[in-house]
Structures are given as structure tokens and as C-alpha cells.
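Single-structure report; data block below.
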Amino acid sequence: MHKSDVWPADLGPVVCVVGARPNFMKMAPILRAFASHQPAIPTLLVHTGQHYDRDMNDKLFEDLRLPHPDINLEVGSGSHAVQTAEVMRRFEPVLDEKKPSCVLVVGDVNSTLACTLVGVKKSIPVVHVEAGLRSYDRAMPEEINRVLTDQVADILYTTERSAADNLKCEGIAEERIRFCGNVMIDSLLNNLEHARSPAITLQAAGFDPALIQGAQGFGIVTMHRPSNVDHPEVLGALLGILREISASIPLVFALHPRTKGNIERFNLGHLIDHQRMIVLPPQGYLEMLGLMSAARIVLTDSGGLQEETTALGVPCLTMRENTERPITVEQGTNTMVGRDIESIRYNAVEILAGRGKSGRVPELWDGHAAERIADDLAGWLLERHSRL
Ligand code: UD1
């Protein structure tokens, strides 16, 4: 491996791409590890602007101590085609101007795929962090983004060993795949001591903290997948069972803008308008971490929360038919309940009776994944550069 104290002047920065909320907690530890690597790896942070609200964006940047993006493409909302196309159109000139050594993308959002396509077509190496996860559900837009990104990216960093098997089944050469652990858990472990107390979070949102301070504790709900929130019958049934569970334990519901809009559109507001359902706007990272780590149960359809609850040892019911993160079920605290109301009811009762899964923390979810990526990627880039 090529060793040097300084990054070669003619080897460009790593263009690091974020677009939507779940990208931010993955990118924060990577940027820190790149800055403290020897030699320091130069970076350029590009925000596509897919998420733009203060609640969905600015607050998380502050909490995660993410630097202000060097470039914001400000694409905003749109259909998948419009959003993906707009990111591609606006990202290309950035690569032309900045001449990066590589493009680094994380996760599975539309921005991940859009920037990957632009990079590879310009013969710029693309690195995908959180590669190889598969739900095998092509109705999920994220699954399409994952499969296509992994097919064309040059280096694939994985969070769990099953990811390599998925990739090999898709014909991806083994030397492109590197098991490095989970950068999202780096963020979680880095920030746990700064997590905000749930009482303060409630107070700040204008609720009486006593609502969640009873002996029975409280639960957390998040839900935003189109398959759960875009159809009135499905959304109504899920809100109905949540309301039923809230009779046993107060639920804090951090409401995503898509879900909020649909609840209004379908006239389902009465199902969440209830003293034991504490409805909050999308929460900051430190608020969410404080809430999750103190919760007795988490009900969600998020990808990230499945992993975070496993790392925290908090029982999680995932309201999806499948998961791309099977290790959270096999080793962690996660149980898949789909949209099956009976299964949600049964498993919630089990958890509240103290019979939830306790699980264990998966291999390499140890807070050092980003450092492993920095070491490996710097080695790869410098070695490649020395050959050019
Ligand atoms: C996106 C990601 C999903 C991720 C989720 C987390 C894709 C395909 N999906 O889904 O993987 O789990 O983010 O939130 O990339 N909106 C706002 N304010 C914002 C952002 C969005 O009001 O800051 C509204 C949009 O106008 C739209 C809805 O929320 O109506 C959905 O936003 P969008 O970014 O399209 O997808 P998400 O459902 O958030």
C-alpha cells in the first residue's frame, strides 16, 4: 500500500453525497473519520436537497455536527423520475468542476442512485456504503435504488455478512465487497451521551412530560412507507391498532410529512387525536435517540430504526412484510409484523408483558465502521493513483 503523510495534490477530493434524512447519520461519522485519517482524506459534501424542511434537515445537521454542505443542489420534492433526473442534471457539473477522486454515496434513497449513475458514466469511481441489503421487494423504491447502485458502484462496503451473499448472487465480484460494519451505529454510539431526555423533548413540543412518566413507560411510533400510508384502508387500520395499543401504553408518534398529509387527506385525524397518542413533528437526532433508548417498545416501518433499536436492545415491531436488514431479526430485537393487525396486537402484548426479544449487538456494530472505511478507501485510492 502507498504510504504518505499528505494527500497527493493531484488526487481530488472524495465527493460525499447526502440527500435525505437517513443519509445524514451515516455520513457524519464518515466525514469525521476521513478528516482524522493520516493522511487526511479531502472531502466535498454535496447535499442534493431531497429533504429540505427544518425538521427533516437542518435540525439533523446541527445534532450530528455535520458541516454545512459545500454545495446544495436544492432539488426538493417531485415524482421519483423528476427527483432522480433533477439530481443527475444538477450533479454532473459538480463532477466536471471538482474532478473528484471518487463519489461516495450512502443508503438507498433516490439521491444515492442518481449520483451513482452520474459518477460511473463519467468513469469516476463510486463507493457505496451500506451495500448489499435486499428486501427482495421490488415494489419498494429503495430496493430498486439498492440493486442498481450496487451493480455499477466500484467498492461496496457492507454492514452485515448476509449482504455479501446477496451481492454474489447478483454476480458481483468478491473483490468489490468489503465488510466494514455499520456507520449508523457509529453515530448512535458517538451521540448516546448527548441524547436529549424525553421529558425535555415533550416539554419543548408543548406536552406535559407527566404523560410519559407513568410506571408503564411509553412507546415510539414512526411510519412513512408509501405501502403503509398511501392507502386509506391500510393507514386507517394501522392507526386503529396503534390507538388500541395506546390504551395500554402512551405512544409518542413522530409524524413524517407524507403521513401527516395523508392523515389529513383521508380524514383519519380522529384516530390520533387522543390523550395517550402524543403526536410530534419529525424529531431531531438527539431527541429521537433519547426517546428510543428510553422506550419500552418501538413500532416502525423505518429501515434505520430497526438497526438502532437492535443496537440499543429495545424491542421493535416492524410494520413491513419484509426487511433488508435480516440480522436485526436473527440477532437483534426486531420482529416483523407486516400490516397484520392480529400480529401487531399479539406481539405488542408480548413485549408489554416483558416477553420481548432482548437480542445481541451484531458483529462490527462497534462504533468504528467509519474508521475502517477511511483506512480501506484511502489505501485503495492511493494505490490506484500510484498506478495511473
Ligand atoms: C425518503 C426516502 C426513504 C427514507 C425517507 C426518510 C427515497 C426513495 N425515499 O422517503 O428511503 O426512508 O426519505 O424520510 O428516496 N417532504 C417535506 N419536507 C421535506 C422532505 C419531504 O414536506 O423536507 C414531503 C415531500 O413533499 C413529499 C413527502 O414528504 O410529499 C415525501 O418525501 P420524499 O423525499 O419524496 O420521500 P420520503 O417518503 O421522505
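Labels for the C-alpha cells follow display order: chains A, B, ..., residues from 1 in each chain, ligands from 1.
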
Please identify every polymer residue within 7 Å of ligand 1, using only C-alpha atoms and all ligand atoms, and present the set as a list in words.
->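 Listed by chain and ascending number, the contacts are Ala20, Arg21, Pro22, Gln50, His51, Tyr52, Asp53, Met56, Asn57, Ser77, Gly78, Asp108, Val109, Asn110, Ser111, Pro141, Glu142, His224, Arg225, Pro226, His256, Pro257, Arg258, Ser302 and Gly303 of chain A.
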
Non-local contacts of range 321-332 of chain A (6 Å; only C-alpha atoms; under 3 positions in same chain excluded) as a list in words |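 That gives Leu133, Arg134, Ser135, Thr310, Thr335, Gly338, Gly359 and Arg360 of chain A.
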
Output the selection as a short mmCIF file (atom, residue, chain, number, x, y, z; two decimals), in the first residue's frame - C-alpha atoms for each residue.
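This is the output file out-v6.cif:
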data_model
loop_
_atom_site.label_atom_id
_atom_site.label_comp_id
_atom_site.auth_asym_id
_atom_site.auth_seq_id
_atom_site.Cartn_x
_atom_site.Cartn_y
_atom_site.Cartn_z
CA LEU A 133 -29.04 -5.05 1.73
CA ARG A 134 -32.02 -6.64 -0.02
CA SER A 135 -35.68 -6.82 0.91
CA THR A 310 -31.17 -3.61 17.90
CA THR A 335 -39.90 -8.70 14.92
CA GLY A 338 -46.27 -6.63 8.45
CA GLY A 359 -31.12 -9.76 21.30
CA ARG A 360 -27.43 -9.04 20.93
#

Please identify all polymer residues within 7 Å of Thr300 in chain A, counting only C-alpha atoms, omitting same-chain residues fewer than 5 positions from it, and present them as a PyMOL selection string.
-> chain A and resi 221-223+317-319

Quick one: write out the picked residues with C-alpha atoms as an mmCIF file, in the first residue's frame?
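Listed below is the output, again_6.cif:
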data_model
loop_
_atom_site.group_PDB
_atom_site.id
_atom_site.type_symbol
_atom_site.label_atom_id
_atom_site.label_comp_id
_atom_site.auth_asym_id
_atom_site.auth_seq_id
_atom_site.Cartn_x
_atom_site.Cartn_y
_atom_site.Cartn_z
ATOM 1 C CA VAL A 221 -44.126 5.150 16.585
ATOM 2 C CA THR A 222 -42.785 6.197 13.182
ATOM 3 C CA MET A 223 -44.411 5.359 9.869
ATOM 4 C CA LEU A 317 -42.097 -4.259 15.807
ATOM 5 C CA THR A 318 -41.544 -3.538 12.136
ATOM 6 C CA MET A 319 -44.753 -2.887 10.211
#

Take CA of Leu312 in chain A and CA of Phe24 in chain A and report the distance between them in Å, one decimal.
-> 19.3 Å

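Picture a line from CA of Glu74 in chain A to CA of Val103 in chain A; it runs 18.6 Å.
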
Non-local contacts of range 179-195 of chain A (6 Å; only C-alpha atoms; under 5 positions in same chain excluded) as a PyMOL selection string = chain A and resi 25-26+157-159+286+289-290+364-365+367+369-370

Just to be explicit: take each residue in the selection above, keep N, CA and C atoms, and write the result as a short mmCIF file (atom, residue, chain, number, x, y, z; two decimals), in the first residue's frame.
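Generated file (result.cif):
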data_model
loop_
_atom_site.label_atom_id
_atom_site.label_comp_id
_atom_site.auth_asym_id
_atom_site.auth_seq_id
_atom_site.Cartn_x
_atom_site.Cartn_y
_atom_site.Cartn_z
N MET A 25 -27.13 10.57 9.29
CA MET A 25 -26.45 9.86 10.39
C MET A 25 -25.39 8.90 9.87
N LYS A 26 -25.49 8.52 8.59
CA LYS A 26 -24.46 7.63 8.03
C LYS A 26 -23.24 8.45 7.62
N TYR A 157 -19.21 -1.29 0.56
CA TYR A 157 -19.00 -1.53 2.00
C TYR A 157 -20.29 -2.04 2.61
N THR A 158 -20.20 -3.15 3.35
CA THR A 158 -21.42 -3.80 3.86
C THR A 158 -21.49 -3.71 5.39
N THR A 159 -22.72 -3.81 5.89
CA THR A 159 -22.98 -3.68 7.33
C THR A 159 -23.18 -5.03 8.01
N LEU A 286 -30.94 13.84 18.29
CA LEU A 286 -30.70 13.64 19.73
C LEU A 286 -32.01 13.41 20.48
N LEU A 289 -33.00 9.79 19.64
CA LEU A 289 -32.13 8.85 20.35
C LEU A 289 -32.56 8.75 21.82
N GLY A 290 -32.87 9.89 22.41
CA GLY A 290 -33.32 9.88 23.81
C GLY A 290 -34.64 9.14 23.96
N LEU A 364 -19.27 -6.17 14.39
CA LEU A 364 -18.74 -4.89 13.87
C LEU A 364 -19.71 -3.71 13.96
N TRP A 365 -20.73 -3.83 14.76
CA TRP A 365 -21.56 -2.65 15.06
C TRP A 365 -20.97 -2.06 16.34
N GLY A 367 -19.01 1.00 16.60
CA GLY A 367 -18.64 2.42 16.66
C GLY A 367 -17.40 2.76 15.85
N ALA A 369 -16.89 1.65 12.39
CA ALA A 369 -17.05 1.30 10.97
C ALA A 369 -16.46 2.38 10.06
N ALA A 370 -16.69 3.63 10.38
CA ALA A 370 -16.22 4.71 9.51
C ALA A 370 -14.69 4.74 9.45
#

If you measure from CA of Ser386 in chain A to CA of Pro42 in chain A, what distance in Å do you get, rounded to one decimal?
->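 Computed distance, CA of Ser386 in chain A to CA of Pro42 in chain A, equals 17.3 Å.
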
Would you give me, as a Markdown table, each residue of range 295-315 of chain A having an atom within 10 Å of an atom of range 242-250 of chain A, along with its shortest atom pair and that distance in Å to one decimal, using only C-alpha atoms and sorting by chain and residue number?
| residue | atom | partner | partner_atom | distance |
| --- | --- | --- | --- | --- |
| A:Arg296 | CA | A:Ile249 | CA | 9.0 |
| A:Ile297 | CA | A:Ile249 | CA | 9.2 |
| A:Leu299 | CA | A:Leu242 | CA | 8.8 |

Spatial neighbours of range 266-275 of chain A, max dist 8 Å, only C-alpha atoms, sep filter under 5 positions, as a PDB file with all heavy atoms, in the first residue's frame:
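Result saved to result-v6.pdb:
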ATOM      1  N   PRO A 232     -55.961   4.663   2.155  1.00  0.00           N
ATOM      2  CA  PRO A 232     -56.768   4.995   3.328  1.00  0.00           C
ATOM      3  C   PRO A 232     -57.096   3.792   4.213  1.00  0.00           C
ATOM      4  O   PRO A 232     -57.024   3.884   5.432  1.00  0.00           O
ATOM      5  CB  PRO A 232     -58.041   5.612   2.741  1.00  0.00           C
ATOM      6  CG  PRO A 232     -57.863   5.667   1.272  1.00  0.00           C
ATOM      7  CD  PRO A 232     -56.523   5.139   0.902  1.00  0.00           C
ATOM      8  N   GLY A 236     -55.706   3.594   7.875  1.00  0.00           N
ATOM      9  CA  GLY A 236     -56.757   3.611   8.905  1.00  0.00           C
ATOM     10  C   GLY A 236     -56.624   2.410   9.839  1.00  0.00           C
ATOM     11  O   GLY A 236     -56.729   2.544  11.062  1.00  0.00           O
ATOM     12  N   LEU A 239     -53.501   2.896  12.086  1.00  0.00           N
ATOM     13  CA  LEU A 239     -53.742   3.904  13.127  1.00  0.00           C
ATOM     14  C   LEU A 239     -54.719   3.361  14.171  1.00  0.00           C
ATOM     15  O   LEU A 239     -54.610   3.665  15.365  1.00  0.00           O
ATOM     16  CB  LEU A 239     -54.281   5.200  12.516  1.00  0.00           C
ATOM     17  CG  LEU A 239     -53.319   5.960  11.597  1.00  0.00           C
ATOM     18  CD1 LEU A 239     -54.018   7.194  11.002  1.00  0.00           C
ATOM     19  CD2 LEU A 239     -52.050   6.385  12.335  1.00  0.00           C
ATOM     20  N   GLY A 240     -55.648   2.520  13.724  1.00  0.00           N
ATOM     21  CA  GLY A 240     -56.623   1.926  14.648  1.00  0.00           C
ATOM     22  C   GLY A 240     -55.933   1.032  15.675  1.00  0.00           C
ATOM     23  O   GLY A 240     -56.207   1.137  16.882  1.00  0.00           O
ATOM     24  N   ARG A 243     -53.930   3.069  18.121  1.00  0.00           N
ATOM     25  CA  ARG A 243     -54.805   3.681  19.112  1.00  0.00           C
ATOM     26  C   ARG A 243     -55.168   2.666  20.200  1.00  0.00           C
ATOM     27  O   ARG A 243     -55.179   2.975  21.387  1.00  0.00           O
ATOM     28  CB  ARG A 243     -56.070   4.209  18.421  1.00  0.00           C
ATOM     29  CG  ARG A 243     -56.918   5.030  19.362  1.00  0.00           C
ATOM     30  CD  ARG A 243     -58.184   5.520  18.712  1.00  0.00           C
ATOM     31  NE  ARG A 243     -59.056   6.001  19.757  1.00  0.00           N
ATOM     32  CZ  ARG A 243     -59.496   7.236  19.848  1.00  0.00           C
ATOM     33  NH1 ARG A 243     -59.194   8.113  18.936  1.00  0.00           N
ATOM     34  NH2 ARG A 243     -60.273   7.589  20.845  1.00  0.00           N
TER      35      ARG A 243
END

Strand (DSSP E or B) per DSSP on the backbone: members of range 194-353 of chain A, as a PDB file with N, CA, C and O atoms, in the first residue's frame:
ATOM      1  N   GLY A 219     -44.123   4.152  24.465  1.00  0.00           N
ATOM      2  CA  GLY A 219     -43.649   3.567  23.204  1.00  0.00           C
ATOM      3  C   GLY A 219     -43.436   4.659  22.171  1.00  0.00           C
ATOM      4  O   GLY A 219     -43.898   5.793  22.341  1.00  0.00           O
ATOM      5  N   ILE A 220     -42.725   4.296  21.091  1.00  0.00           N
ATOM      6  CA  ILE A 220     -42.463   5.244  19.995  1.00  0.00           C
ATOM      7  C   ILE A 220     -43.047   4.678  18.701  1.00  0.00           C
ATOM      8  O   ILE A 220     -42.929   3.479  18.444  1.00  0.00           O
ATOM      9  N   VAL A 221     -43.605   5.557  17.894  1.00  0.00           N
ATOM     10  CA  VAL A 221     -44.126   5.150  16.585  1.00  0.00           C
ATOM     11  C   VAL A 221     -43.534   6.049  15.498  1.00  0.00           C
ATOM     12  O   VAL A 221     -43.489   7.276  15.669  1.00  0.00           O
ATOM     13  N   THR A 222     -43.060   5.430  14.401  1.00  0.00           N
ATOM     14  CA  THR A 222     -42.785   6.197  13.182  1.00  0.00           C
ATOM     15  C   THR A 222     -43.315   5.379  12.007  1.00  0.00           C
ATOM     16  O   THR A 222     -43.275   4.149  12.035  1.00  0.00           O
ATOM     17  N   LEU A 251     -48.191   6.407  23.543  1.00  0.00           N
ATOM     18  CA  LEU A 251     -47.327   6.324  22.360  1.00  0.00           C
ATOM     19  C   LEU A 251     -46.919   7.715  21.894  1.00  0.00           C
ATOM     20  O   LEU A 251     -47.767   8.598  21.767  1.00  0.00           O
ATOM     21  N   VAL A 252     -45.632   7.881  21.643  1.00  0.00           N
ATOM     22  CA  VAL A 252     -45.125   9.125  21.066  1.00  0.00           C
ATOM     23  C   VAL A 252     -44.968   8.875  19.564  1.00  0.00           C
ATOM     24  O   VAL A 252     -44.225   7.988  19.148  1.00  0.00           O
ATOM     25  N   PHE A 253     -45.688   9.637  18.763  1.00  0.00           N
ATOM     26  CA  PHE A 253     -45.747   9.418  17.313  1.00  0.00           C
ATOM     27  C   PHE A 253     -45.039  10.584  16.617  1.00  0.00           C
ATOM     28  O   PHE A 253     -45.550  11.703  16.601  1.00  0.00           O
ATOM     29  N   ALA A 254     -43.850  10.328  16.074  1.00  0.00           N
ATOM     30  CA  ALA A 254     -43.104  11.370  15.344  1.00  0.00           C
ATOM     31  C   ALA A 254     -43.570  11.320  13.890  1.00  0.00           C
ATOM     32  O   ALA A 254     -43.235  10.405  13.150  1.00  0.00           O
ATOM     33  N   HIS A 274     -55.921  11.909  20.526  1.00  0.00           N
ATOM     34  CA  HIS A 274     -56.191  11.089  21.688  1.00  0.00           C
ATOM     35  C   HIS A 274     -55.145  11.440  22.735  1.00  0.00           C
ATOM     36  O   HIS A 274     -53.974  11.610  22.395  1.00  0.00           O
ATOM     37  N   MET A 277     -51.897   9.470  22.750  1.00  0.00           N
ATOM     38  CA  MET A 277     -51.124   9.463  21.493  1.00  0.00           C
ATOM     39  C   MET A 277     -50.503  10.848  21.385  1.00  0.00           C
ATOM     40  O   MET A 277     -51.202  11.830  21.105  1.00  0.00           O
ATOM     41  N   ILE A 278     -49.204  10.922  21.622  1.00  0.00           N
ATOM     42  CA  ILE A 278     -48.539  12.228  21.664  1.00  0.00           C
ATOM     43  C   ILE A 278     -47.891  12.470  20.301  1.00  0.00           C
ATOM     44  O   ILE A 278     -46.872  11.866  19.965  1.00  0.00           O
ATOM     45  N   VAL A 279     -48.531  13.309  19.517  1.00  0.00           N
ATOM     46  CA  VAL A 279     -48.096  13.484  18.129  1.00  0.00           C
ATOM     47  C   VAL A 279     -47.109  14.647  18.041  1.00  0.00           C
ATOM     48  O   VAL A 279     -47.431  15.787  18.374  1.00  0.00           O
ATOM     49  N   LEU A 280     -45.900  14.324  17.572  1.00  0.00           N
ATOM     50  CA  LEU A 280     -44.846  15.324  17.458  1.00  0.00           C
ATOM     51  C   LEU A 280     -44.449  15.476  15.980  1.00  0.00           C
ATOM     52  O   LEU A 280     -44.636  14.552  15.188  1.00  0.00           O
ATOM     53  N   ILE A 297     -41.144   0.007  23.821  1.00  0.00           N
ATOM     54  CA  ILE A 297     -41.498  -0.636  22.550  1.00  0.00           C
ATOM     55  C   ILE A 297     -41.378   0.405  21.443  1.00  0.00           C
ATOM     56  O   ILE A 297     -41.687   1.586  21.665  1.00  0.00           O
ATOM     57  N   VAL A 298     -40.912  -0.029  20.277  1.00  0.00           N
ATOM     58  CA  VAL A 298     -40.879   0.847  19.104  1.00  0.00           C
ATOM     59  C   VAL A 298     -41.691   0.171  18.008  1.00  0.00           C
ATOM     60  O   VAL A 298     -41.507  -1.029  17.744  1.00  0.00           O
ATOM     61  N   LEU A 299     -42.600   0.913  17.407  1.00  0.00           N
ATOM     62  CA  LEU A 299     -43.375   0.408  16.256  1.00  0.00           C
ATOM     63  C   LEU A 299     -43.007   1.287  15.070  1.00  0.00           C
ATOM     64  O   LEU A 299     -43.156   2.505  15.137  1.00  0.00           O
ATOM     65  N   THR A 300     -42.526   0.673  13.994  1.00  0.00           N
ATOM     66  CA  THR A 300     -41.973   1.491  12.913  1.00  0.00           C
ATOM     67  C   THR A 300     -42.050   0.791  11.570  1.00  0.00           C
ATOM     68  O   THR A 300     -42.247  -0.426  11.504  1.00  0.00           O
ATOM     69  N   CYS A 316     -38.520  -4.014  18.997  1.00  0.00           N
ATOM     70  CA  CYS A 316     -39.047  -3.256  17.856  1.00  0.00           C
ATOM     71  C   CYS A 316     -40.008  -4.127  17.062  1.00  0.00           C
ATOM     72  O   CYS A 316     -39.690  -5.280  16.758  1.00  0.00           O
ATOM     73  N   LEU A 317     -41.170  -3.587  16.722  1.00  0.00           N
ATOM     74  CA  LEU A 317     -42.097  -4.259  15.807  1.00  0.00           C
ATOM     75  C   LEU A 317     -42.057  -3.502  14.490  1.00  0.00           C
ATOM     76  O   LEU A 317     -42.351  -2.299  14.450  1.00  0.00           O
ATOM     77  N   THR A 318     -41.669  -4.202  13.429  1.00  0.00           N
ATOM     78  CA  THR A 318     -41.544  -3.538  12.136  1.00  0.00           C
ATOM     79  C   THR A 318     -42.776  -3.825  11.286  1.00  0.00           C
ATOM     80  O   THR A 318     -43.051  -4.984  10.943  1.00  0.00           O
ATOM     81  N   ASN A 334     -35.649  -7.126  16.731  1.00  0.00           N
ATOM     82  CA  ASN A 334     -36.683  -6.793  15.748  1.00  0.00           C
ATOM     83  C   ASN A 334     -37.610  -7.983  15.465  1.00  0.00           C
ATOM     84  O   ASN A 334     -37.152  -9.116  15.343  1.00  0.00           O
ATOM     85  N   THR A 335     -38.906  -7.696  15.339  1.00  0.00           N
ATOM     86  CA  THR A 335     -39.897  -8.701  14.918  1.00  0.00           C
ATOM     87  C   THR A 335     -40.690  -8.103  13.772  1.00  0.00           C
ATOM     88  O   THR A 335     -41.175  -6.968  13.873  1.00  0.00           O
ATOM     89  N   MET A 336     -40.824  -8.874  12.668  1.00  0.00           N
ATOM     90  CA  MET A 336     -41.592  -8.380  11.527  1.00  0.00           C
ATOM     91  C   MET A 336     -43.074  -8.683  11.764  1.00  0.00           C
ATOM     92  O   MET A 336     -43.437  -9.840  12.002  1.00  0.00           O
TER      93      MET A 336
END

For Leu148 in chain A: contacts at 9 Å, only C-alpha atoms, fewer than 6 positions along chain excluded, given as a list in words = Leu113, Thr116 and Leu117 of chain A

Tell me, as a list of chain:residue names, which residues lie within 9 Å of Ala205 in chain A, counting only C-alpha atoms; anything in the same chain fewer than 3 positions away does not count.
-> A:Ile200, A:Thr201, A:Leu202, A:Leu280, A:Pro281

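In terms of minimum interatomic distance to His37 in chain A, A:Val6 ranks closest within A:Ser358, A:Leu211, A:Val6, A:Glu62, counting only C-alpha atoms.
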
Can you list, as a ChimeraX atom specification, every residue of range 185-359 of chain A that DSSP puts in alpha helix (DSSP H)?
-> /A:185-191,198-204,226-229,232-246,257-265,285-294,303-312,327-330,341-352
